[in-house]
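Participant: Input structure: final-v5.cif, which contains mmCIF, C-alpha atoms and all ligand atoms.
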data_start
loop_
_atom_site.label_atom_id
_atom_site.label_comp_id
_atom_site.auth_asym_id
_atom_site.auth_seq_id
_atom_site.Cartn_x
_atom_site.Cartn_y
_atom_site.Cartn_z
CA MET H 867 14.26 3.28 27.50
CA PRO H 868 11.07 4.64 29.04
CA LYS H 869 11.31 8.33 29.68
CA SER H 870 10.44 7.91 33.34
CA ASP H 871 13.66 5.93 33.85
CA GLN H 872 15.77 8.89 32.81
CA GLY H 873 17.58 10.86 35.44
CA PRO H 874 16.84 14.59 35.62
CA GLU H 875 20.00 15.37 33.66
CA GLU H 876 19.16 13.08 30.76
CA GLN H 877 15.62 14.41 30.79
CA GLY H 878 16.85 17.98 30.76
CA ARG H 879 19.22 17.46 27.85
CA ALA H 880 16.67 15.45 25.86
CA ALA H 881 13.95 18.05 26.42
CA LEU H 882 16.33 20.83 25.40
CA LYS H 883 17.35 19.01 22.19
CA ALA H 884 13.71 18.40 21.31
CA ALA H 885 12.84 22.07 21.86
CA LEU H 886 15.87 23.12 19.83
CA PHE H 887 14.68 20.96 16.96
CA VAL H 888 11.40 22.87 16.94
CA HIS H 889 12.70 26.37 17.61
CA ARG H 890 15.87 26.74 15.56
CA ARG H 891 15.38 29.90 13.54
CA ALA H 892 17.48 32.54 11.84
CA PRO H 893 19.24 34.63 14.50
CA LEU H 894 16.90 37.19 16.00
CA SER H 895 19.76 39.57 16.72
CA ARG H 896 20.33 40.40 13.06
CA LEU H 897 16.74 41.44 12.65
CA LEU H 898 16.74 43.45 15.87
CA ALA H 899 20.02 45.16 15.02
CA ARG H 900 18.51 46.50 11.81
CA ARG H 901 15.75 48.13 13.86
CA GLY H 902 18.07 49.48 16.54
CA LEU H 903 16.75 47.07 19.15
CA GLY H 904 20.00 45.47 20.25
CA PRO H 905 21.77 42.14 19.87
CA TYR H 906 19.22 39.97 21.68
CA ARG H 907 19.03 36.29 20.90
CA GLY H 908 15.91 34.34 20.04
CA TYR H 909 14.49 31.53 22.13
CA GLY H 910 16.24 28.85 20.07
CA GLU H 911 19.57 30.68 20.36
CA LEU H 912 19.09 30.97 24.12
CA LEU H 913 18.47 27.22 24.28
CA GLU H 914 21.69 26.71 22.32
CA ALA H 915 23.49 28.77 24.96
CA LEU H 916 22.06 26.47 27.66
CA ASP H 917 23.23 23.49 25.63
CA ARG H 918 26.76 24.92 25.54
CA LEU H 919 26.66 25.46 29.31
CA ALA H 920 25.75 21.79 29.69
CA ASP H 921 28.67 20.89 27.39
CA ARG H 922 30.89 22.70 29.85
CA GLY H 923 29.58 20.56 32.68
CA ALA H 924 26.61 22.48 34.04
CA GLN H 925 23.82 20.16 35.07
CA LEU H 926 20.66 20.72 33.10
CA SER H 927 17.45 19.39 34.56
CA LEU H 928 13.86 19.42 33.43
CA ILE H 929 11.75 20.74 36.29
CA GLY H 930 8.44 20.98 34.47
CA ARG H 931 6.62 22.14 31.37
CA SER H 932 5.03 25.46 30.50
CA VAL H 933 1.36 25.81 29.61
CA ARG H 934 2.23 25.15 25.96
CA GLY H 935 4.61 22.32 26.81
CA GLU H 936 7.95 24.10 26.51
CA PRO H 937 10.61 22.66 28.82
CA LEU H 938 11.27 24.48 32.06
CA LEU H 939 15.00 23.99 32.43
CA ALA H 940 17.14 24.49 35.49
CA VAL H 941 20.89 25.00 35.22
CA GLN H 942 22.83 23.82 38.24
CA LEU H 943 26.43 24.56 39.08
CA GLY H 944 28.58 23.58 42.03
CA ALA H 945 27.44 21.23 44.73
CA THR H 946 24.14 19.42 44.55
CA GLY H 947 21.70 21.21 46.77
CA ALA H 948 18.72 18.90 46.48
CA ALA H 949 17.91 16.17 48.93
CA GLY H 950 16.61 13.92 46.22
CA ALA H 951 16.33 13.52 42.49
CA GLY H 952 14.37 16.42 41.02
CA GLY H 953 11.00 14.76 41.36
CA TYR H 954 9.64 15.71 37.95
CA ARG H 955 8.49 12.96 35.67
CA GLU H 956 8.08 13.59 32.01
CA GLY H 957 4.93 12.87 30.12
CA PRO H 958 1.50 11.60 31.15
CA ALA H 959 1.66 9.24 34.09
CA PRO H 960 2.07 5.69 32.80
CA ALA H 961 0.09 2.89 34.41
CA ALA H 962 3.33 1.43 35.77
CA LEU H 963 3.63 4.25 38.28
CA PRO H 964 1.32 3.52 41.19
CA GLY H 965 0.85 6.30 43.65
CA GLN H 966 0.93 8.88 40.90
CA GLN H 967 -1.75 11.47 41.43
CA GLY H 968 -4.44 11.50 38.80
CA GLY H 969 -3.75 13.94 36.00
CA SER H 970 -0.49 15.06 37.55
CA SER H 971 2.84 14.66 35.86
CA ARG H 972 4.63 14.81 39.18
CA GLY H 973 6.28 11.88 40.85
CA GLY H 974 4.08 12.12 43.91
CA GLY H 975 3.17 15.19 45.86
CA SER H 976 5.75 15.13 48.62
CA PRO H 977 9.28 16.47 48.43
CA PRO H 978 11.51 13.90 46.78
CA ARG H 979 13.61 13.06 49.79
CA ALA H 980 16.34 10.47 49.57
CA ALA H 981 15.10 9.12 46.28
CA SER H 982 17.51 6.75 44.61
CA ARG H 983 18.93 7.90 41.34
CA PRO H 984 19.04 5.47 38.46
CA HIS H 985 22.01 7.33 37.01
CA GLY H 986 23.82 8.19 40.20
CA GLY H 987 27.22 7.88 38.54
CA THR H 988 26.67 11.08 36.66
CA GLN H 989 25.24 13.02 39.57
CA LEU H 990 26.97 15.54 41.69
CA ASN H 991 26.01 14.18 45.09
CA GLY H 992 28.02 10.99 44.85
CA ALA H 993 31.54 10.16 45.89
CA PRO H 994 33.61 11.93 43.23
CA VAL H 995 34.33 15.16 45.04
CA ALA H 996 36.04 16.87 42.15
CA GLY H 997 33.02 15.95 40.10
CA ALA H 998 31.04 18.47 42.08
CA HIS H 999 32.46 21.03 39.75
CA LEU H 1000 32.43 18.75 36.74
CA GLY H 1001 35.65 20.19 35.42
CA LEU H 1002 34.24 23.64 34.91
CA GLY H 1003 37.08 26.00 34.31
CA ALA H 1004 40.23 25.44 36.31
CA GLN H 1005 39.01 23.96 39.59
CA VAL H 1006 42.29 23.97 41.40
CA GLY H 1007 41.89 22.77 44.97
CA ALA H 1008 38.14 22.47 44.93
CA ASP H 1009 38.00 21.87 48.67
CA GLU H 1010 40.02 24.90 49.60
CA PRO H 1011 38.22 28.02 50.71
CA ALA H 1012 37.34 30.41 47.95
CA PRO H 1013 39.63 33.43 47.72
CA ASP H 1014 36.82 35.83 48.40
CA ASP H 1015 34.49 35.94 51.38
CA ALA H 1016 32.21 33.26 50.03
CA ALA H 1017 30.70 30.27 51.83
CA PRO H 1018 33.80 29.03 53.74
CA ALA H 1019 33.77 32.20 55.81
CA GLN H 1020 30.62 30.96 57.47
CA PRO H 1021 31.52 28.87 60.50
CA ASP H 1022 28.35 26.82 60.50
CA GLU H 1023 28.82 25.91 56.88
CA PRO H 1024 29.73 22.26 56.54
CA ALA H 1025 28.20 22.03 53.10
CA GLY H 1026 31.43 22.20 51.13
CA PRO H 1027 33.15 19.02 52.15
CA ILE H 1028 30.29 17.10 53.69
CA ALA H 1029 27.54 17.55 51.17
CA ARG H 1030 29.73 16.14 48.46
CA ARG H 1031 31.20 13.29 50.45
CA GLY H 1032 30.02 9.75 50.81
CA PRO H 1033 26.98 7.92 49.50
CA GLY H 1034 23.80 9.83 50.12
CA GLY H 1035 25.75 12.65 51.71
CA ALA H 1036 23.74 15.28 49.92
CA GLY H 1037 20.55 13.85 51.37
CA ARG H 1038 21.63 14.71 54.89
CA GLU H 1039 23.70 17.83 54.46
CA ARG H 1040 22.25 20.01 51.81
CA ALA H 1041 24.50 22.61 50.28
CA ARG H 1042 23.47 26.21 50.57
CA THR H 1043 21.74 27.20 47.39
CA THR H 1044 21.56 30.42 45.43
CA VAL H 1045 18.49 30.65 43.24
CA ILE H 1046 18.62 32.75 40.07
CA LEU H 1047 15.48 33.47 38.05
CA SER H 1048 14.91 35.43 34.87
CA GLY H 1049 12.56 35.59 31.92
CA ILE H 1050 9.50 35.76 34.16
CA HIS H 1051 8.21 38.81 32.30
CA PRO H 1052 8.63 37.99 28.65
CA LEU H 1053 9.67 41.40 27.35
CA GLU H 1054 12.57 41.65 29.79
CA TRP H 1055 15.23 39.85 27.77
CA ILE H 1056 18.18 41.67 29.26
CA GLY H 1057 17.50 39.64 32.42
CA VAL H 1058 17.82 36.37 30.52
CA GLU H 1059 21.00 37.49 28.76
CA THR H 1060 22.48 38.67 32.05
CA THR H 1061 21.65 35.36 33.74
CA LEU H 1062 23.35 33.45 30.94
CA ALA H 1063 26.43 35.67 31.18
CA LEU H 1064 26.39 35.22 34.95
CA LEU H 1065 26.19 31.43 34.64
CA GLU H 1066 29.08 31.43 32.17
CA ARG H 1067 31.06 33.45 34.68
CA LEU H 1068 30.08 31.18 37.60
CA ALA H 1069 30.99 28.07 35.60
CA ALA H 1070 34.63 29.17 35.79
CA GLU H 1071 34.52 29.95 39.51
CA ASP H 1072 35.14 27.88 42.60
CA LEU H 1073 31.79 27.99 44.35
CA GLY H 1074 33.16 26.76 47.66
CA GLY H 1075 30.52 24.10 48.23
CA ARG H 1076 27.64 26.34 47.24
CA SER H 1077 24.97 25.21 44.82
CA ILE H 1078 23.66 27.47 42.07
CA PHE H 1079 20.15 26.72 40.85
CA ALA H 1080 19.09 28.92 37.95
CA VAL H 1081 15.97 28.96 35.80
CA PRO H 1082 17.02 31.39 33.07
CA ILE H 1083 13.73 31.21 31.15
CA VAL H 1084 10.84 30.97 33.59
CA ASN H 1085 8.25 31.94 30.96
CA PRO H 1086 9.21 30.31 27.65
CA ASP H 1087 5.72 30.66 26.16
CA GLY H 1088 5.85 34.39 26.80
CA LEU H 1089 9.31 34.74 25.29
CA LEU H 1090 8.23 32.84 22.20
CA ARG H 1091 5.21 35.10 21.83
CA VAL H 1092 7.40 38.19 22.09
CA GLU H 1093 9.82 36.73 19.57
CA MET H 1094 7.05 35.98 17.08
CA ASN H 1095 5.75 39.53 17.50
CA LEU H 1096 9.23 40.93 16.90
CA ARG H 1097 9.77 38.80 13.83
CA ALA H 1098 6.38 39.82 12.44
CA GLY H 1099 6.94 43.50 13.22
CA ARG H 1100 3.99 43.64 15.63
CA HIS H 1101 4.44 46.12 18.48
CA ARG H 1102 2.73 44.24 21.29
CA TYR H 1103 2.97 44.41 25.03
CA VAL H 1104 3.21 40.94 26.58
CA ARG H 1105 3.33 40.42 30.31
CA GLY H 1106 1.93 36.99 31.18
CA ASN H 1107 2.30 33.35 30.33
CA ALA H 1108 0.22 31.57 27.68
CA ARG H 1109 -2.87 31.96 29.85
CA GLY H 1110 -2.25 35.66 30.39
CA VAL H 1111 -1.20 35.21 34.02
CA ASP H 1112 1.54 37.46 35.34
CA LEU H 1113 3.84 34.80 36.79
CA ASN H 1114 5.34 37.31 39.17
CA ARG H 1115 1.96 37.66 40.87
CA ASN H 1116 1.40 33.92 41.07
CA PHE H 1117 3.87 32.86 43.77
CA ASP H 1118 2.41 31.95 47.15
CA ALA H 1119 3.29 35.15 48.98
CA GLY H 1120 0.76 37.52 50.52
CA TRP H 1121 -1.97 36.19 48.30
CA TYR H 1122 -4.75 36.55 50.80
CA GLU H 1123 -3.87 40.08 51.70
CA ARG H 1124 -4.91 41.37 48.33
CA GLY H 1125 -6.64 44.70 48.78
CA LEU H 1126 -8.82 46.70 46.44
CA VAL H 1127 -5.94 48.18 44.46
CA GLN H 1128 -4.40 44.76 43.92
CA ARG H 1129 -7.71 43.37 42.79
CA LEU H 1130 -8.18 46.25 40.38
CA ILE H 1131 -4.67 45.67 39.06
CA GLY H 1132 -5.64 42.01 38.78
CA LEU H 1133 -8.24 43.00 36.19
CA VAL H 1134 -5.43 44.23 33.96
CA SER H 1135 -2.86 41.53 34.57
CA SER H 1136 -4.12 38.31 36.07
CA PRO H 1137 -2.43 36.88 39.15
CA GLY H 1138 -3.91 33.44 38.41
CA SER H 1139 -6.76 31.60 40.09
CA ARG H 1140 -4.75 30.65 43.19
CA PRO H 1141 -1.11 30.68 44.35
CA ALA H 1142 1.09 28.59 42.04
CA SER H 1143 -1.85 27.91 39.75
CA GLU H 1144 0.50 28.23 36.78
CA PRO H 1145 2.72 25.28 35.82
CA GLU H 1146 5.78 27.53 35.52
CA VAL H 1147 5.49 28.73 39.12
CA GLU H 1148 4.44 25.34 40.45
CA ALA H 1149 7.50 23.73 38.83
CA ILE H 1150 9.84 26.18 40.54
CA ALA H 1151 8.13 25.73 43.91
CA HIS H 1152 8.38 21.98 43.60
CA ALA H 1153 11.99 21.91 42.40
CA LEU H 1154 13.05 24.14 45.28
CA SER H 1155 10.97 22.45 47.96
CA SER H 1156 13.78 20.42 49.53
CA ARG H 1157 16.58 22.92 49.04
CA ARG H 1158 18.37 25.04 51.56
CA ILE H 1159 18.10 28.42 49.88
CA ASP H 1160 19.82 31.38 51.48
CA ARG H 1161 20.27 33.67 48.45
CA ALA H 1162 17.91 34.50 45.64
CA LEU H 1163 18.26 36.81 42.69
CA SER H 1164 15.61 37.61 40.13
CA LEU H 1165 16.49 39.65 37.08
CA HIS H 1166 13.92 41.95 35.53
CA SER H 1167 13.97 45.25 33.67
CA ALA H 1168 13.87 48.19 33.46
CA GLY H 1169 14.11 50.99 35.99
CA GLY H 1170 17.68 50.81 37.30
CA ALA H 1171 16.83 49.55 40.77
CA VAL H 1172 17.79 46.83 43.22
CA LEU H 1173 14.71 45.85 45.20
CA TYR H 1174 14.18 43.66 48.22
CA PRO H 1175 11.17 42.34 50.16
CA PRO H 1176 8.52 43.07 51.03
CA ALA H 1177 6.22 43.72 48.10
CA HIS H 1178 3.03 42.49 49.75
CA SER H 1179 3.35 44.40 53.01
CA LEU H 1180 4.13 47.89 54.21
CA TRP H 1181 6.07 46.51 57.18
CA PRO H 1182 9.80 46.05 56.72
CA VAL H 1183 11.05 42.46 56.77
CA ALA H 1184 12.94 41.37 59.89
CA ASP H 1185 16.23 41.25 57.98
CA ALA H 1186 15.67 44.53 56.15
CA ALA H 1187 19.08 45.92 57.14
CA GLU H 1188 20.91 42.97 55.63
CA HIS H 1189 18.83 43.17 52.48
CA ARG H 1190 19.48 46.87 52.23
CA ALA H 1191 23.23 46.42 52.65
CA PHE H 1192 23.36 43.94 49.78
CA ALA H 1193 20.99 45.95 47.62
CA LEU H 1194 23.14 49.05 48.05
CA ARG H 1195 26.27 47.10 47.23
CA VAL H 1196 24.77 45.73 44.03
CA ALA H 1197 23.21 49.09 43.16
CA ARG H 1198 26.52 50.91 43.43
CA ALA H 1199 28.30 48.44 41.20
CA ALA H 1200 25.54 47.90 38.64
CA ASP H 1201 26.25 50.91 36.48
CA ARG H 1202 28.43 53.98 36.20
CA ARG H 1203 25.56 55.88 37.77
CA PRO H 1204 24.36 53.77 40.70
CA TYR H 1205 20.97 52.11 40.66
CA ARG H 1206 18.41 52.90 43.35
CA ALA H 1207 18.06 50.47 46.27
CA MET H 1208 14.84 50.11 48.26
CA SER H 1209 12.09 47.71 49.23
CA TYR H 1210 9.76 46.69 46.45
CA VAL H 1211 6.71 48.22 48.10
CA ARG H 1212 8.45 51.58 48.34
CA PHE H 1213 9.50 51.34 44.71
CA ALA H 1214 5.82 50.68 43.90
CA TRP H 1215 4.68 53.89 45.62
CA GLY H 1216 3.32 51.99 48.59
CA ILE H 1217 0.99 49.83 46.54
CA ARG H 1218 1.23 46.34 47.97
CA LYS H 1219 1.58 43.51 45.48
CA ALA H 1220 0.98 39.85 46.22
CA GLY H 1221 2.59 36.85 44.59
CA LEU H 1222 6.12 38.09 43.93
CA GLU H 1223 9.02 35.70 43.69
CA ILE H 1224 11.26 37.70 46.06
CA ASP H 1225 8.60 37.64 48.78
CA TRP H 1226 8.05 33.91 48.30
CA LEU H 1227 11.77 33.13 48.35
CA HIS H 1228 12.17 35.23 51.47
CA ASP H 1229 9.03 34.22 53.37
CA ARG H 1230 8.98 30.54 52.40
CA HIS H 1231 12.71 29.81 52.24
CA GLY H 1232 14.27 32.50 54.38
CA ALA H 1233 16.50 33.63 51.54
CA LEU H 1234 18.02 37.04 51.19
CA SER H 1235 16.21 38.01 48.02
CA LEU H 1236 17.01 40.70 45.49
CA LEU H 1237 15.12 41.75 42.41
CA VAL H 1238 17.21 43.74 39.97
CA GLU H 1239 15.46 45.98 37.48
CA CYS H 1240 18.25 45.92 34.90
CA SER H 1241 18.95 49.03 32.83
CA ARG H 1242 17.05 52.30 32.84
CA GLY H 1243 14.73 52.01 29.91
CA LYS H 1244 16.19 54.95 28.03
CA LEU H 1245 14.51 55.08 24.66
CA GLY H 1246 16.32 57.75 22.73
CA LEU H 1247 14.54 59.41 19.85
CA ARG H 1248 14.32 56.68 17.25
CA PRO H 1249 10.63 56.18 16.43
CA SER H 1250 11.30 52.49 15.91
CA ARG H 1251 12.18 52.26 19.60
CA LEU H 1252 9.42 54.47 20.95
CA VAL H 1253 6.63 52.31 19.53
CA GLU H 1254 8.27 48.99 20.29
CA PRO H 1255 7.61 47.66 23.84
CA PHE H 1256 10.71 45.48 23.57
CA ALA H 1257 12.80 48.67 23.52
CA TRP H 1258 11.20 49.95 26.72
CA TYR H 1259 12.75 47.07 28.63
CA ASN H 1260 15.96 46.26 26.81
CA PRO H 1261 18.84 48.66 26.15
CA ARG H 1262 20.18 48.78 22.63
CA LYS H 1263 23.70 48.37 23.97
CA LEU H 1264 23.42 45.11 25.83
CA ASP H 1265 27.19 44.66 25.91
CA ASP H 1266 27.55 47.91 27.83
CA ALA H 1267 25.10 46.80 30.50
CA ALA H 1268 25.33 43.05 31.05
CA PRO H 1269 29.01 42.60 32.01
CA GLN H 1270 28.80 45.22 34.74
CA LEU H 1271 25.54 43.76 36.03
CA VAL H 1272 27.20 40.34 36.21
CA GLU H 1273 30.08 41.72 38.26
CA SER H 1274 27.71 43.63 40.54
CA VAL H 1275 25.71 40.58 41.59
CA LEU H 1276 28.56 38.08 41.65
CA PRO H 1277 29.57 38.44 45.33
CA PHE H 1278 25.94 38.20 46.47
CA VAL H 1279 25.30 35.15 44.33
CA LYS H 1280 28.46 33.45 45.59
CA GLY H 1281 27.37 33.88 49.19
CA ALA H 1282 29.60 36.77 50.25
CA ARG H 1283 28.73 38.56 53.43
CA ALA H 1284 27.24 42.02 53.40
ZN ZN O 1 9.59 42.20 35.39
#
Will you turn the file into structure tokens for me?
Facilitator:
Amino acid sequence: MPKSDQGPEEQGRAALKAALFVHRRAPLSRLLARRGLGPYRGYGELLEALDRLADRGAQLSLIGRSVRGEPLLAVQLGATGAAGAGGYREGPAPAALPGQQGGSSRGGGSPPRAASRPHGGTQLNGAPVAGAHLGLGAQVGADEPAPDDAAPAQPDEPAGPIARRGPGGAGRERARTTVILSGIHPLEWIGVETTLALLERLAAEDLGGRSIFAVPIVNPDGLLRVEMNLRAGRHRYVRGNARGVDLNRNFDAGWYERGLVQRLIGLVSSPGSRPASEPEVEAIAHALSSRRIDRALSLHSAGGAVLYPPAHSLWPVADAAEHRAFALRVARAADRRPYRAMSYVRFAWGIRKAGLEIDWLHDRHGALSLLVECSRGKLGLRPSRLVEPFAWYNPRKLDDAAPQLVESVLPFVKGARA
């Protein structure tokens, strides 16, 4: 079967299996444990974890490819939030696809509205209502309101029943979507591990008609580079993608307001040649283009802080109070000693930064957007940790940090009110 006939799910699983074939290695955690760097998993092991999530019914879709061709995989739980079928086509455009833009691997430039799905029977937006949860955990009474103050508490929220009902229902009534991103900065592996733990937790929850759209590894090329450095014992600082672009300066947010300081910073870490110049960022922008996103969470490290927009402006966002309420709530629950909660620009000492994901998700999609700087970057006194950049961002005791972080963000991610 030609690859272009595959639905996004089949594409996602096939791309994951192919990447697994290439990247299966001895567990990274054993090597890191010996050096006091914590139980972090390698890229191949992280892909295996995504594969297991898909086994449990999570929908895995291929939304694009990194600079070096690694799959950019989205994990979706709950209701289908997209109006159409993904819109990403694998491989170079075959001649049989008229209307394809030259040199682009996309299925056309416009949002994929109301596209027919060749494998609709396996999709979430069709008639089988219970299938919206794909048997994840015990989905007793999937149409009943969630026990907490999640989506059903919102009176204008028809997404639960309607988005999952009837042919093409999802095309008209899009479910509210929570976006979760991690692995943008390749040294910040605690974010990836926390996202995976969060997805495992969410897979057992009733999402009340909400759609979860997560890209756990936004920068696979960067992660692979860090992993190779770790395995070779090289103490290197890695911040960008394979072209050296800081992906969290490449989103289309405040790009043309870049002042002198930003441009000087740009000499150190590149923001890219234009907004969404990098395939990793472009893939996310495209995959989210037709979604109704009201919550967004991006997991970074370190610094023990919960940050909200803006980053590119000194002026508070219009919904600053709501952001602050959620940020404080997450910050209090994130650790025994609460994290700090503030706008990104304040956290950055008033230095405005363009191209951040939280600004883009807020400005472009209107989402309440939080960036969590997981853990506090405590190094201790072991020389092996002091000289190793990986240790600056990732606590040795991951199991002490991640479960509490998962619990702290869970209500926000599920759509609870402030
Ligand atoms: Zn970061």
Participant: Neighbouring residues of ligand ZN 1 (chain O) are defined here as those with any atom at most 6 Å from a ligand atom, counting only C-alpha atoms and all ligand atoms; list them as a list in words.
Facilitator: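 The distance check yields His1051, His1166 and Ser1167 of chain H.
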Participant: Mind giving me the straight-line distance from CA of Thr1044 in chain H to CA of Ala1153 in chain H in Å, one decimal?
Facilitator: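 Straight-line distance from CA of Thr1044 in chain H to CA of Ala1153 in chain H works out to 13.2 Å.
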Participant: Would you mind telling me which residue in H:Leu1234, H:Ala899, H:Ala1193, H:Leu1222 lies nearest to Met1208 in chain H when using all atoms listed in the file?
Facilitator: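 Comparing H:Leu1234, H:Ala899, H:Ala1193, H:Leu1222 against Met1208 in chain H, the winner is H:Ala1193.
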Participant: Please measure the separation of CA of Gln872 in chain H and CA of Gln925 in chain H, giving the value in Å to one decimal.
Facilitator: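 Separation between CA of Gln872 in chain H and CA of Gln925 in chain H: 14.0 Å.
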Participant: For a quick check of your reading of the model, name the residues lying within 10 Å of the coordinate (10.0, 36.1, 48.0), counting all atoms listed in the file, and write them as a ChimeraX atom specification.
Facilitator: /H:1117-1120,1162-1164,1174-1178,1220-1237
Participant: Could you produce a table of the residues of range 881-940 of chain H lying within 10 Å of range 1061-1066 of chain H, with the nearest pair of atoms per residue and their separation in Å rounded to one decimal, using all atoms listed in the file, ordered by chain and increasing residue number, as CSV?
Facilitator:
residue,atom,partner,partner_atom,distance
H:Leu912,CA,H:Leu1062,CA,8.4
H:Ala915,CA,H:Leu1062,CA,7.6
H:Leu916,CA,H:Leu1062,CA,7.8
H:Arg918,CA,H:Glu1066,CA,9.6
H:Leu919,CA,H:Glu1066,CA,7.0
H:Arg922,CA,H:Glu1066,CA,9.2
H:Ala924,CA,H:Leu1065,CA,9.0
Participant: Using Å and a single decimal, report how far CA of Ser1250 in chain H sits from CA of Ala892 in chain H.
Facilitator: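 According to the coordinates, CA of Ala892 in chain H and CA of Ser1250 in chain H are separated by 21.3 Å.
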Participant: Compare H:Leu1276, H:Ala1267, H:Ala1197, H:Ala1186 by their minimum atom-to-atom distance to Ser1209 in chain H, counting only C-alpha atoms, and give me the closest one.
Facilitator: H:Ala1186
Participant: Of the residues H:Met1094, H:Leu1271, H:Ile1056, H:Leu913, which is the one nearest to Arg1202 in chain H, using only C-alpha atoms?
Facilitator: H:Leu1271
Participant: Need the shell around range 875-881 of chain H: protein/DNA/RNA residues with any atom at most 6 Å away, counting all atoms listed in the file. Skip same-chain ones fewer than 6 positions apart. Format as a PyMOL selection string?
Facilitator: chain H and resi 926-928
Participant: Identify which of the residues H:Asp1160, H:Asp1265, H:Asp1201, H:Glu1146 lies closest to Gly935 in chain H, counting only C-alpha atoms when measuring atom-to-atom distances.
Facilitator: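 Looking only at the distances to Gly935 in chain H, the closest residue turns out to be H:Glu1146.
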Participant: Go through H:Pro1204, H:Gly1138, H:Pro874, H:Pro1052 and flag the residue nearest Val1104 in chain H, using only C-alpha atoms for the distances.
Facilitator: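 Smallest distance to Val1104 in chain H is found for H:Pro1052.
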